[in-house]
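These notes are about the structure you will find just below.
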Amino acid sequence: MKNFKSLISFCAIAIYLISLSSTGTAAAATFVDGVVASVGRDPVLYSDVMQEMFSELGDRSSLEMSEEDMVQHLNPLYKEALEREIELRILFKEATALGVVVPDDKIEDRISDLKKQFPNAEAFRTALNATGLTPSTLRERIRRQMMAYTVRMSKQQQFEKEAIISESDLAQYFQDHKSEFKFETRYLVRRFFLKAPFDAKKRDEVRQRLNDIRIRIKDGADFTALAKEMSDGPEASEGGSLGWVLPGDLVEPLNSALLSLPANELSDILETDFGFHFLRIEEIQTEGTTPYEEARIDIEPLLRRKQAEEQYRRWMNLLRQRSEIRILRDAIQ
C-alpha cells in the first residue's frame, strides 16, 4: 500500500474516512454513501457513522502511519461509532415517544464545546464538510443525541434508585478493595469561603471582609457558627466541614496550605479565581485505613451506579432485540 509519511490532521482523517466509502482507497475523490446497518426499517448510512465519529476526530491531532495502519487505527473507532449510532436510533425513538424536548441554547452550547476541539474555525469547517455535515444537520444530530442522552440518564437514575444494596454487599466490597481505602496522611478540614467577582476593587473588599472574619475566629469566635451564617461554600450548612481530605484533593493554593498547616491553626487568606478562602485543620491522621463506617458512604453510590449500569445494559439489550438490528459492515475495510 502507498505509505503516508506526512502528518495527517484530524480533518484529513475525516476526508480519508469518507473517501474509503467510495473505492476502498484513500485516493478516491467522490463520496458514495451506503447502508452499513439497519435498526428495524431505519437504515444506518456510512455517513451517519462518520458523523457520529465527528466529535472524536478533534482528539487525533496528528498521526504518522501507513494507509494499512491508518485503517487498523480507525476500525475500533468506527465500530464504537456504529454501536453508538445504533443505540442513538433506539434511544431517540424512546425520547420521541416520551415527548423529550431539548432547548436551542443547550444545542448551541454543545456546538461551541465541539468547536473548541479544533485549532481554528477553518479546521472545524473542513472536518464538518468531510463528514457530510452542514451547520443545520449538525444541529439536528446534536438535538437527537441530547434527546437520546436525556432518556439514557433518566433510565440510569431510575435504575440507581431501584438498586438494592445490602449491608453484606457493602462489607464484601470493603473487604475485597481494602487497599483502595488505605491512606498515608489525611486531614479533617474546615473551610471558610467568600465568592468574589473579577472586578479588582470588589475583590479587595471581599478579601478584607474575609480577613475580618478570620480575625474574629482567631480571637475566639466559633468557626462553625460563622461558617453556617456567612460562608458561601457548599459545605456552609455543615459549618464549613470538608470532612477528611487527602493531599491533592484540593485545588491550589489550598492544597499547599493544607500540607504546611499545623492542626487547629488558621491558614492565611487564600485566593482562587472563584474568591477567597481560609482553612483550619481539625485533626491529622498519618497512615491507616479508612474505617468501614466511613468507607461505606462512598461504597454505596459506587455499587448503585454499577448495578444501574448493568440494569441499563439489560434494558438496552432488550430494546435492541425488539429493534431487529442488522449490521452489514462492521469495519472501514
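We name chains A, B, ... following the order of the C-alpha cells; residues begin at 1 in each chain, and ligands are numbered from 1 as shown.
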
Practice item. With a distance cut-off of 8 Å and only C-alpha atoms, select the neighbouring residues of range 71-79 of chain A, excluding the residue or stretch itself and same-chain residues fewer than 6 positions from it, and output the selection as a list in words. Key: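 Near neighbours after the sequence-gap exclusion: Val49, Met50, Met53, Asp330, Ala331, Ile332 and Gln333 of chain A.
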
Can you spit out the residues from that selection as a PDB file, in the first residue's frame, using N, CA and C atoms?
ATOM      1  N   VAL A  49     -22.419   7.082  10.444  1.00  0.00           N
ATOM      2  CA  VAL A  49     -21.375   6.622  11.361  1.00  0.00           C
ATOM      3  C   VAL A  49     -20.219   7.617  11.378  1.00  0.00           C
ATOM      4  N   MET A  50     -19.871   8.143  10.192  1.00  0.00           N
ATOM      5  CA  MET A  50     -18.811   9.147  10.129  1.00  0.00           C
ATOM      6  C   MET A  50     -19.181  10.385  10.939  1.00  0.00           C
ATOM      7  N   MET A  53     -18.715   9.795  14.456  1.00  0.00           N
ATOM      8  CA  MET A  53     -17.290   9.840  14.790  1.00  0.00           C
ATOM      9  C   MET A  53     -16.761  11.268  14.838  1.00  0.00           C
ATOM     10  N   ASP A 330     -19.080  -3.860   9.565  1.00  0.00           N
ATOM     11  CA  ASP A 330     -18.617  -3.529  10.910  1.00  0.00           C
ATOM     12  C   ASP A 330     -17.174  -3.041  10.936  1.00  0.00           C
ATOM     13  N   ALA A 331     -16.632  -2.716   9.769  1.00  0.00           N
ATOM     14  CA  ALA A 331     -15.271  -2.189   9.693  1.00  0.00           C
ATOM     15  C   ALA A 331     -15.163  -1.240   8.512  1.00  0.00           C
ATOM     16  N   ILE A 332     -14.145  -0.399   8.539  1.00  0.00           N
ATOM     17  CA  ILE A 332     -13.949   0.554   7.448  1.00  0.00           C
ATOM     18  C   ILE A 332     -13.633  -0.175   6.158  1.00  0.00           C
ATOM     19  N   GLN A 333     -12.790  -1.205   6.253  1.00  0.00           N
ATOM     20  CA  GLN A 333     -12.475  -2.021   5.082  1.00  0.00           C
ATOM     21  C   GLN A 333     -12.640  -3.485   5.424  1.00  0.00           C
TER      22      GLN A 333
END

Could you list, as a tab-separated table (two decimals) with C-alpha atoms, in the first residue's frame, every residue within 12 Å of Met153 in chain A, counting only C-alpha atoms and ignoring same-chain residues fewer than 5 positions away?
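This went into result_1.tsv:
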chain	number	residue	atom	x	y	z
A	91	LEU	CA	-32.99	5.98	22.40
A	95	ALA	CA	-37.28	10.06	23.56
A	146	MET	CA	-29.17	15.14	23.52
A	147	MET	CA	-32.70	13.75	23.41
A	148	ALA	CA	-31.25	10.24	23.50
A	158	GLN	CA	-34.28	5.23	37.79
A	159	PHE	CA	-32.16	2.08	38.00
A	160	GLU	CA	-29.92	3.67	40.64
A	305	ARG	CA	-24.04	3.06	39.80
A	308	ALA	CA	-27.69	0.59	37.50
A	309	GLU	CA	-25.29	0.29	34.55
A	312	TYR	CA	-29.37	-0.34	31.83

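Among the candidates A:Asp249, A:Glu68, A:Glu108, A:Glu52, the one nearest to Arg186 in chain A when counting only C-alpha atoms is A:Asp249.
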
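Put simply, CA of Arg110 in chain A is 20.7 Å away from CA of Ser47 in chain A.
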
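Nearest residue to Leu254 in chain A among A:Ala163, A:Glu283, A:Val206, A:Val189 is A:Val189, counting only C-alpha atoms.
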
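Residue nearest Arg296 in chain A within the list A:Glu167, A:Glu85, A:Asp42, A:Asp48: A:Glu167 [criterion: smallest interatomic distance, only C-alpha atoms].
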
Point to revise | Proximity to Ala171 in chain A - best of A:Pro291, A:Gly220, A:Gly40, A:Pro135, only C-alpha atoms | key: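 Nearest candidate to Ala171 in chain A out of A:Pro291, A:Gly220, A:Gly40, A:Pro135: A:Pro291.
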
Among the residues of range 139-229 of chain A, find those DSSP assigns to strand (DSSP E) from the backbone and print them as a short mmCIF file (atom, residue, chain, number, x, y, z; two decimals) with N, CA and C atoms, in the first residue's frame.
data_model
loop_
_atom_site.label_atom_id
_atom_site.label_comp_id
_atom_site.auth_asym_id
_atom_site.auth_seq_id
_atom_site.Cartn_x
_atom_site.Cartn_y
_atom_site.Cartn_z
N LYS A 182 -6.76 2.66 51.98
CA LYS A 182 -5.57 2.97 52.77
C LYS A 182 -5.11 4.38 52.45
N PHE A 183 -4.54 5.05 53.43
CA PHE A 183 -4.03 6.40 53.21
C PHE A 183 -2.74 6.57 53.99
N GLU A 184 -1.90 7.48 53.50
CA GLU A 184 -0.66 7.79 54.22
C GLU A 184 -0.90 8.90 55.24
N THR A 185 -1.52 9.99 54.77
CA THR A 185 -1.88 11.09 55.66
C THR A 185 -3.21 11.67 55.20
N ARG A 186 -4.07 11.99 56.15
CA ARG A 186 -5.32 12.65 55.79
C ARG A 186 -5.63 13.72 56.82
N TYR A 187 -6.45 14.68 56.39
CA TYR A 187 -6.70 15.87 57.20
C TYR A 187 -8.21 16.09 57.34
N LEU A 188 -8.65 16.35 58.56
CA LEU A 188 -10.03 16.73 58.81
C LEU A 188 -10.08 18.26 58.74
N VAL A 189 -10.78 18.79 57.73
CA VAL A 189 -10.62 20.21 57.38
C VAL A 189 -11.95 20.96 57.41
N ARG A 190 -11.86 22.21 57.86
CA ARG A 190 -12.96 23.16 57.69
C ARG A 190 -12.48 24.28 56.78
N ARG A 191 -13.42 24.79 55.98
CA ARG A 191 -13.09 25.88 55.06
C ARG A 191 -14.10 27.01 55.23
N PHE A 192 -13.59 28.23 55.16
CA PHE A 192 -14.45 29.41 55.09
C PHE A 192 -14.21 30.04 53.72
N PHE A 193 -15.28 30.28 52.98
CA PHE A 193 -15.14 30.77 51.60
C PHE A 193 -16.10 31.91 51.34
N LEU A 194 -15.58 32.96 50.71
CA LEU A 194 -16.42 34.05 50.20
C LEU A 194 -16.14 34.19 48.71
N LYS A 195 -17.19 34.08 47.90
CA LYS A 195 -17.01 34.24 46.46
C LYS A 195 -16.77 35.71 46.14
#

Exercise for review: For Thr224 in chain A, work out the shell of residues within 7 Å, counting only C-alpha atoms and skipping chain neighbours fewer than 4 positions away, then give it as a PyMOL selection string.
Suggested key: chain A and resi 228+239-240

Exercise for review: Between A:Asp169, A:Ile325, A:Ala295, A:Phe118, single out the one closest to Leu82 in chain A, counting only C-alpha atoms.
Suggested key: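 Using only C-alpha atoms, the shortest distance to Leu82 in chain A belongs to A:Ile325.
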
Review point. CA of Phe274 in chain A to CA of Leu226 in chain A: how many Å, to one decimal?
Key: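 Computing the Euclidean distance for CA of Phe274 in chain A and CA of Leu226 in chain A yields 20.0 Å.
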
Practice item. For Arg214 in chain A, list every protein, DNA or RNA residue within 10 Å, evaluated using only C-alpha atoms, and leave out those in the same chain fewer than 5 positions away; present the list as a ChimeraX atom specification. Key: /A:192,208-209,219,221,223,226,266-269,277-279

Residues as selected, N, CA, C and O atoms, written as a short mmCIF file (atom, residue, chain, number, x, y, z; two decimals), in the first residue's frame, can you do that?
data_model
loop_
_atom_site.label_atom_id
_atom_site.label_comp_id
_atom_site.auth_asym_id
_atom_site.auth_seq_id
_atom_site.Cartn_x
_atom_site.Cartn_y
_atom_site.Cartn_z
N PHE A 192 -13.59 28.23 55.16
CA PHE A 192 -14.45 29.41 55.09
C PHE A 192 -14.21 30.04 53.72
O PHE A 192 -13.06 30.28 53.35
N GLN A 208 -10.93 41.76 52.35
CA GLN A 208 -10.90 42.43 53.64
C GLN A 208 -12.01 41.90 54.56
O GLN A 208 -11.80 41.70 55.76
N ARG A 209 -13.18 41.66 53.96
CA ARG A 209 -14.30 41.13 54.76
C ARG A 209 -13.95 39.75 55.32
O ARG A 209 -14.24 39.45 56.49
N ASP A 219 -9.73 35.26 67.41
CA ASP A 219 -9.93 35.84 68.74
C ASP A 219 -10.93 35.06 69.58
O ASP A 219 -11.26 35.47 70.70
N ALA A 221 -14.12 33.54 68.25
CA ALA A 221 -15.46 33.31 67.70
C ALA A 221 -15.56 31.88 67.16
O ALA A 221 -14.56 31.28 66.77
N PHE A 223 -15.99 29.07 64.69
CA PHE A 223 -15.82 28.86 63.25
C PHE A 223 -17.09 28.28 62.65
O PHE A 223 -17.61 28.77 61.64
N LEU A 226 -20.11 30.76 62.47
CA LEU A 226 -19.91 31.82 61.48
C LEU A 226 -19.96 31.26 60.05
O LEU A 226 -20.48 31.91 59.14
N LEU A 266 -5.32 28.52 61.82
CA LEU A 266 -5.97 29.06 60.63
C LEU A 266 -4.93 29.37 59.57
O LEU A 266 -3.85 29.89 59.88
N SER A 267 -5.25 29.04 58.33
CA SER A 267 -4.34 29.40 57.24
C SER A 267 -4.44 30.89 56.95
O SER A 267 -5.34 31.58 57.45
N ASP A 268 -3.53 31.38 56.13
CA ASP A 268 -3.65 32.74 55.61
C ASP A 268 -4.84 32.79 54.65
O ASP A 268 -5.41 31.76 54.30
N ILE A 269 -5.18 33.99 54.21
CA ILE A 269 -6.22 34.13 53.19
C ILE A 269 -5.68 33.57 51.87
O ILE A 269 -4.58 33.94 51.44
N HIS A 277 -10.49 32.17 50.50
CA HIS A 277 -10.71 31.06 51.42
C HIS A 277 -9.72 31.16 52.58
O HIS A 277 -8.66 31.76 52.46
N PHE A 278 -10.06 30.52 53.68
CA PHE A 278 -9.05 30.12 54.66
C PHE A 278 -9.48 28.78 55.25
O PHE A 278 -10.67 28.42 55.24
N LEU A 279 -8.49 28.04 55.73
CA LEU A 279 -8.72 26.68 56.21
C LEU A 279 -8.36 26.55 57.68
O LEU A 279 -7.58 27.33 58.21
#

Point to revise | Nearest to Leu328 in chain A, chosen from A:Asp33, A:Leu45, A:Ile215, A:Gly275, with only C-alpha atoms counted in the distances | key: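 Counting only C-alpha atoms, the residue closest to Leu328 in chain A is A:Leu45.
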